[in-house]
Amino acid sequence: MNVFWKRAAATLLLALVLVSGIFAADGTSFVSLEPYGIFNGTNRSLTVSARGRQTVSYGVASRVGGVLFQEVAVPDTSAAGRPVSLEYRAAQPDGQRLMVTIGDTALTADIYDWLLISAARFAATNYTAGMSLYGFPKTQSEIALLFENSGNIMFAEFHPDFINTLTGINLFFVDAMLVDGNISRMRQITEALSGVIPGYNDISVNETTSAASAAYIRRVMLERPIKWDSYIYTDYGTEINYGIQNGKLVFTGFPSYLFMQVDHDTETVTVNEKLNARIRQDIQRVRDINPVIYRAAEQTAQWAAFFRMVKEQYPEAWEGFLSQIRGVESELKIDTPRYWIRN
């Protein structure tokens with residue numbers, strides 16, 4: 001997310017705008033995002049593929065101000081050399097439908113359909129960008145928003161399989177969290193949820209710890225000299241491992257914020273290695289800003305890496321699994337945002 005990106009803003013009759021939100025299967029709204037200036041509209045697909053550890057290219061850094069998960073999971077010693085297969089058991093309760101078999105060990109994975117389906121379909125594509133706030137206005141009304149006012153509108157685009165999913169809207173929260181260093185603006189969103197979504201907001205957020213961590217990360221981000229103007233939340237350069245521990249499938253390795261300077265004149269990118277190392281070192285402070293949002297984001301990266309590994313190394317098992325989840329949709333009804341009017 002390029003916090004110095006030139007943006008135009010909008011003053012709009014809010015009554016004419018459909019409001020983004022999270023909904024239960026019966027249509028009951030859990031949270032309205034209108035108080036945060038977040039609105040929906042016609043969703044736009046983000047189709048960017050980036051892989052590799054050598055450099056962050058200008059083409060990616062100038063297009064993805066958001067989230068990018070590219071890694072392929074690697075087995076640890078408990079799983080090394082053991083084939084992997086997947087089975088989706090639709091008759092089982094949500095959260096117990098995925099069976100992962102590693103060698104001759106069958107494991108019931110702790111993953112709910114809202115994450116399982118979107119992460120698997122994301123991994124099935126060649127696109128690694130999850131979402132971006134570098135979107136462009138596409139309609140006459142969006143262009144009018146851009147030119148009528150100054151400085152405060154950002155257009156969101158999502159990987160096609162994250163559109164209208166809880167996974168997608170969660171990645172939006174992760175990206176928007178640090179914009180302008182104004183962390184408190186976004187960190188309390190999930191506290192407004194009026195119902196529990198299993199596997200998502202079924203953990204507590206300590207307000208004292210959250211506020212302290214937000215202030216700390218803000219100070220780290222804005223320490224002089226500030227040698228960055230953009231960031232991506234990504235697993236770039238990270239090894240994600242999977243293995244078996246106490247009869248469960250476990251992951252190690254996690255995404256983090258990658259800060260950089262993007263020079264549009266020379267089309268070059270300079271990664272801020274010192275700040276990135278500091279943020280990774282303080283990753284628990286980042287998580288404590290909002291454990292709901294960051295737990296879900298880390299799980300999205302880890303499961304996507306795991307599914308990508310199965311796709312590449314066990315293609316027959318992968319195709320069988322895809323056929324099992326074809327047509328399956330999460331019971332949650334989601335409106336992913338189209339644009340964000342920042343106050």
# chains A, B, ... in the order shown; residues from 1 in each chain; ligands from 1
call {"tool": "select_by_dssp", "arguments": {"residues": "stretch 123-277 of chain A", "states": "strand (DSSP E)", "output": "CSV table (one decimal) with C-alpha atoms, in the first residue's frame"}}
result
chain,number,residue,atom,x,y,z
A,129,ALA,CA,-1.8,-11.3,-5.6
A,130,GLY,CA,-4.7,-11.5,-3.1
A,131,MET,CA,-5.9,-7.9,-3.2
A,132,SER,CA,-4.7,-4.4,-3.9
A,133,LEU,CA,-5.8,-0.8,-3.1
A,134,TYR,CA,-4.0,0.4,-6.3
A,135,GLY,CA,-7.2,-0.1,-8.3
A,149,ASN,CA,-12.8,15.8,-4.6
A,150,SER,CA,-9.3,15.6,-3.5
A,153,ILE,CA,-10.3,7.6,-2.1
A,154,MET,CA,-8.8,4.2,-2.8
A,155,PHE,CA,-10.2,1.5,-5.1
A,156,ALA,CA,-9.9,-2.1,-4.1
A,157,GLU,CA,-9.4,-5.1,-6.4
A,158,PHE,CA,-9.4,-8.7,-5.4
A,230,SER,CA,5.0,1.5,0.0
A,231,TYR,CA,4.3,-1.9,1.5
A,232,ILE,CA,2.9,-5.3,0.7
A,233,TYR,CA,1.7,-7.9,3.2
A,234,THR,CA,3.4,-11.0,1.8
A,241,ASN,CA,6.7,-25.6,6.5
A,242,TYR,CA,4.1,-28.2,7.2
A,243,GLY,CA,4.2,-31.3,9.4
A,244,ILE,CA,2.5,-33.5,12.0
A,245,GLN,CA,2.4,-32.6,15.7
A,248,LYS,CA,-2.6,-32.5,13.9
A,249,LEU,CA,-1.4,-30.8,10.7
A,250,VAL,CA,0.7,-27.8,11.8
A,251,PHE,CA,2.4,-24.9,9.9
A,252,THR,CA,5.5,-22.8,10.6
A,256,SER,CA,4.8,-10.0,7.2
A,257,TYR,CA,4.8,-6.5,5.9
A,258,LEU,CA,7.5,-5.8,3.3
A,259,PHE,CA,8.3,-2.1,3.2
A,260,MET,CA,10.0,-0.5,0.1
A,261,GLN,CA,10.6,2.6,-1.9
A,262,VAL,CA,9.1,2.6,-5.4
A,263,ASP,CA,10.7,5.0,-7.9
A,268,THR,CA,13.0,0.6,-9.6
A,269,VAL,CA,12.3,-0.8,-6.1
A,270,THR,CA,14.5,-0.5,-3.0
A,271,VAL,CA,13.5,-2.8,-0.2
call {"tool": "closest_residue", "arguments": {"among": "A:Gln70, A:Thr125, A:Gln140, A:Asn43", "to": "A:Lys311", "atoms": "only C-alpha atoms"}}
result
A:Thr125
call {"tool": "closest_residue", "arguments": {"among": "A:Ala305, A:Val310, A:Ile325, A:Ala109", "to": "A:Tyr236", "atoms": "only C-alpha atoms"}}
result
A:Ala305
call {"tool": "closest_atom_pairs", "arguments": {"of": "stretch 33-136 of chain A", "to": "stretch 167-189 of chain A", "cutoff": "10 Å", "atoms": "only C-alpha atoms", "output": "JSON lines"}}
result
{"residue": "A:Leu33", "atom": "CA", "partner": "A:Ile189", "partner_atom": "CA", "distance": 8.1}
{"residue": "A:Pro35", "atom": "CA", "partner": "A:Ile189", "partner_atom": "CA", "distance": 9.7}
{"residue": "A:Tyr36", "atom": "CA", "partner": "A:Met186", "partner_atom": "CA", "distance": 7.6}
{"residue": "A:Gly65", "atom": "CA", "partner": "A:Asp175", "partner_atom": "CA", "distance": 7.9}
{"residue": "A:Gly66", "atom": "CA", "partner": "A:Asp175", "partner_atom": "CA", "distance": 5.2}
{"residue": "A:Val67", "atom": "CA", "partner": "A:Asp175", "partner_atom": "CA", "distance": 6.6}
{"residue": "A:Leu68", "atom": "CA", "partner": "A:Leu171", "partner_atom": "CA", "distance": 9.7}
{"residue": "A:Trp114", "atom": "CA", "partner": "A:Thr167", "partner_atom": "CA", "distance": 7.0}
{"residue": "A:Leu115", "atom": "CA", "partner": "A:Thr167", "partner_atom": "CA", "distance": 6.1}
{"residue": "A:Leu116", "atom": "CA", "partner": "A:Thr167", "partner_atom": "CA", "distance": 9.5}
{"residue": "A:Ile117", "atom": "CA", "partner": "A:Thr167", "partner_atom": "CA", "distance": 9.7}
{"residue": "A:Ser118", "atom": "CA", "partner": "A:Thr167", "partner_atom": "CA", "distance": 7.0}
{"residue": "A:Ala119", "atom": "CA", "partner": "A:Thr167", "partner_atom": "CA", "distance": 8.0}
{"residue": "A:Gly130", "atom": "CA", "partner": "A:Leu171", "partner_atom": "CA", "distance": 7.4}
{"residue": "A:Met131", "atom": "CA", "partner": "A:Phe172", "partner_atom": "CA", "distance": 6.9}
{"residue": "A:Ser132", "atom": "CA", "partner": "A:Phe172", "partner_atom": "CA", "distance": 7.9}
{"residue": "A:Leu133", "atom": "CA", "partner": "A:Asp175", "partner_atom": "CA", "distance": 8.1}
call {"tool": "select_by_dssp", "arguments": {"residues": "stretch 253-340 of chain A", "states": "alpha helix (DSSP H)", "output": "PyMOL selection string"}}
result
chain A and resi 273-281+283-289+291-313+315-325
call {"tool": "write_last_selection", "arguments": {"atoms": "N, CA and C atoms", "output": "compact mmCIF listing (two decimals), in the first residue's frame"}}
result
# COMPACT_ATOMS: atom_id res chain seq x y z
N GLU A 273 15.38 -3.27 4.07
CA GLU A 273 15.72 -4.51 4.78
C GLU A 273 15.71 -4.31 6.30
N LYS A 274 16.18 -3.17 6.77
CA LYS A 274 16.26 -2.94 8.21
C LYS A 274 14.87 -2.89 8.83
N LEU A 275 13.96 -2.15 8.21
CA LEU A 275 12.61 -2.05 8.76
C LEU A 275 11.89 -3.38 8.66
N ASN A 276 12.07 -4.08 7.54
CA ASN A 276 11.41 -5.38 7.38
C ASN A 276 11.86 -6.37 8.45
N ALA A 277 13.18 -6.39 8.73
CA ALA A 277 13.70 -7.28 9.77
C ALA A 277 13.13 -6.91 11.13
N ARG A 278 12.98 -5.63 11.37
CA ARG A 278 12.44 -5.16 12.66
C ARG A 278 10.98 -5.59 12.81
N ILE A 279 10.19 -5.44 11.75
CA ILE A 279 8.79 -5.81 11.82
C ILE A 279 8.64 -7.32 12.03
N ARG A 280 9.45 -8.12 11.34
CA ARG A 280 9.39 -9.58 11.53
C ARG A 280 9.80 -9.96 12.95
N GLN A 281 10.80 -9.26 13.47
CA GLN A 281 11.24 -9.51 14.84
C GLN A 281 10.12 -9.20 15.83
N ILE A 283 6.88 -9.42 15.24
CA ILE A 283 5.64 -9.89 14.62
C ILE A 283 4.53 -10.12 15.64
N GLN A 284 4.88 -10.49 16.87
CA GLN A 284 3.83 -10.69 17.87
C GLN A 284 3.14 -9.37 18.19
N ARG A 285 3.89 -8.28 18.14
CA ARG A 285 3.28 -6.96 18.35
C ARG A 285 2.29 -6.67 17.21
N VAL A 286 2.66 -7.03 16.00
CA VAL A 286 1.75 -6.85 14.87
C VAL A 286 0.48 -7.67 15.09
N ARG A 287 0.64 -8.93 15.44
CA ARG A 287 -0.52 -9.80 15.68
C ARG A 287 -1.42 -9.25 16.77
N ASP A 288 -0.81 -8.67 17.81
CA ASP A 288 -1.59 -8.18 18.95
C ASP A 288 -2.44 -6.96 18.60
N ILE A 289 -2.13 -6.30 17.48
CA ILE A 289 -2.98 -5.18 17.06
C ILE A 289 -4.41 -5.66 16.89
N PRO A 291 -5.69 -9.76 16.81
CA PRO A 291 -5.45 -11.19 16.60
C PRO A 291 -6.43 -11.85 15.64
N VAL A 292 -7.65 -11.33 15.56
CA VAL A 292 -8.65 -11.89 14.63
C VAL A 292 -8.16 -11.76 13.20
N ILE A 293 -7.81 -10.54 12.83
CA ILE A 293 -7.41 -10.25 11.45
C ILE A 293 -6.12 -10.96 11.08
N TYR A 294 -5.13 -10.90 11.96
CA TYR A 294 -3.82 -11.45 11.60
C TYR A 294 -3.79 -12.98 11.67
N ARG A 295 -4.54 -13.59 12.58
CA ARG A 295 -4.60 -15.05 12.58
C ARG A 295 -5.17 -15.54 11.26
N ALA A 296 -6.26 -14.93 10.81
CA ALA A 296 -6.89 -15.35 9.56
C ALA A 296 -5.97 -15.12 8.37
N ALA A 297 -5.24 -14.01 8.36
CA ALA A 297 -4.33 -13.72 7.24
C ALA A 297 -3.18 -14.72 7.19
N GLU A 298 -2.61 -15.04 8.35
CA GLU A 298 -1.52 -16.02 8.38
C GLU A 298 -2.01 -17.39 7.93
N GLN A 299 -3.19 -17.78 8.39
CA GLN A 299 -3.73 -19.08 7.97
C GLN A 299 -4.00 -19.11 6.47
N THR A 300 -4.44 -17.99 5.91
CA THR A 300 -4.67 -17.93 4.47
C THR A 300 -3.37 -18.18 3.72
N ALA A 301 -2.29 -17.54 4.13
CA ALA A 301 -1.00 -17.74 3.47
C ALA A 301 -0.52 -19.18 3.62
N GLN A 302 -0.65 -19.74 4.82
CA GLN A 302 -0.15 -21.08 5.08
C GLN A 302 -0.94 -22.14 4.31
N TRP A 303 -2.26 -22.03 4.33
CA TRP A 303 -3.07 -23.00 3.60
C TRP A 303 -2.88 -22.86 2.09
N ALA A 304 -2.76 -21.64 1.61
CA ALA A 304 -2.52 -21.45 0.17
C ALA A 304 -1.20 -22.09 -0.23
N ALA A 305 -0.17 -21.94 0.59
CA ALA A 305 1.13 -22.55 0.30
C ALA A 305 1.03 -24.07 0.32
N PHE A 306 0.26 -24.59 1.27
CA PHE A 306 0.09 -26.05 1.36
C PHE A 306 -0.68 -26.59 0.15
N PHE A 307 -1.78 -25.93 -0.20
CA PHE A 307 -2.55 -26.36 -1.37
C PHE A 307 -1.71 -26.25 -2.64
N ARG A 308 -0.90 -25.22 -2.74
CA ARG A 308 -0.04 -25.05 -3.93
C ARG A 308 0.97 -26.19 -4.02
N MET A 309 1.47 -26.64 -2.86
CA MET A 309 2.39 -27.78 -2.85
C MET A 309 1.70 -29.03 -3.36
N VAL A 310 0.48 -29.30 -2.89
CA VAL A 310 -0.24 -30.48 -3.35
C VAL A 310 -0.49 -30.39 -4.85
N LYS A 311 -0.87 -29.22 -5.33
CA LYS A 311 -1.12 -29.03 -6.76
C LYS A 311 0.12 -29.35 -7.59
N GLU A 312 1.28 -28.92 -7.13
CA GLU A 312 2.50 -29.09 -7.91
C GLU A 312 3.11 -30.47 -7.77
N GLN A 313 3.03 -31.07 -6.59
CA GLN A 313 3.72 -32.34 -6.36
C GLN A 313 2.82 -33.57 -6.48
N PRO A 315 -0.40 -33.88 -8.45
CA PRO A 315 -1.47 -33.34 -9.31
C PRO A 315 -2.72 -34.21 -9.39
N GLU A 316 -2.57 -35.52 -9.34
CA GLU A 316 -3.74 -36.39 -9.41
C GLU A 316 -4.61 -36.22 -8.16
N ALA A 317 -3.96 -36.18 -7.00
CA ALA A 317 -4.70 -35.97 -5.74
C ALA A 317 -5.35 -34.59 -5.74
N TRP A 318 -4.64 -33.63 -6.29
CA TRP A 318 -5.16 -32.26 -6.33
C TRP A 318 -6.41 -32.16 -7.20
N GLU A 319 -6.36 -32.75 -8.37
CA GLU A 319 -7.52 -32.70 -9.27
C GLU A 319 -8.73 -33.40 -8.66
N GLY A 320 -8.48 -34.50 -7.96
CA GLY A 320 -9.58 -35.18 -7.29
C GLY A 320 -10.21 -34.32 -6.21
N PHE A 321 -9.37 -33.61 -5.47
CA PHE A 321 -9.86 -32.71 -4.43
C PHE A 321 -10.66 -31.56 -5.03
N LEU A 322 -10.15 -30.97 -6.10
CA LEU A 322 -10.87 -29.87 -6.75
C LEU A 322 -12.25 -30.31 -7.22
N SER A 323 -12.33 -31.52 -7.71
CA SER A 323 -13.64 -32.01 -8.16
C SER A 323 -14.61 -32.15 -6.99
N GLN A 324 -14.08 -32.46 -5.81
CA GLN A 324 -14.94 -32.60 -4.63
C GLN A 324 -15.49 -31.26 -4.14
N ILE A 325 -14.72 -30.19 -4.30
CA ILE A 325 -15.18 -28.88 -3.80
C ILE A 325 -15.83 -28.05 -4.91
call {"tool": "atom_distance", "arguments": {"atom1": "atom CA of A:Ile341", "atom2": "atom CA of A:Pro255"}}
result
27.0 Å
call {"tool": "closest_residue", "arguments": {"among": "A:Val56, A:Leu86, A:Ile226, A:Val220", "to": "A:Ala106", "atoms": "only C-alpha atoms"}}
result
A:Leu86
call {"tool": "closest_residue", "arguments": {"among": "A:Val100, A:Val60, A:Leu146, A:Ala214", "to": "A:Tyr339", "atoms": "only C-alpha atoms"}}
result
A:Leu146
call {"tool": "residues_around", "arguments": {"residues": "A:Asp104", "least_positions_apart": "4", "cutoff": "12 Å", "atoms": "only C-alpha atoms", "output": "list in words"}}
result
Ala79, Gly81, Arg82, Pro83, Val84, Ser85, Val100 and Ile244 of chain A
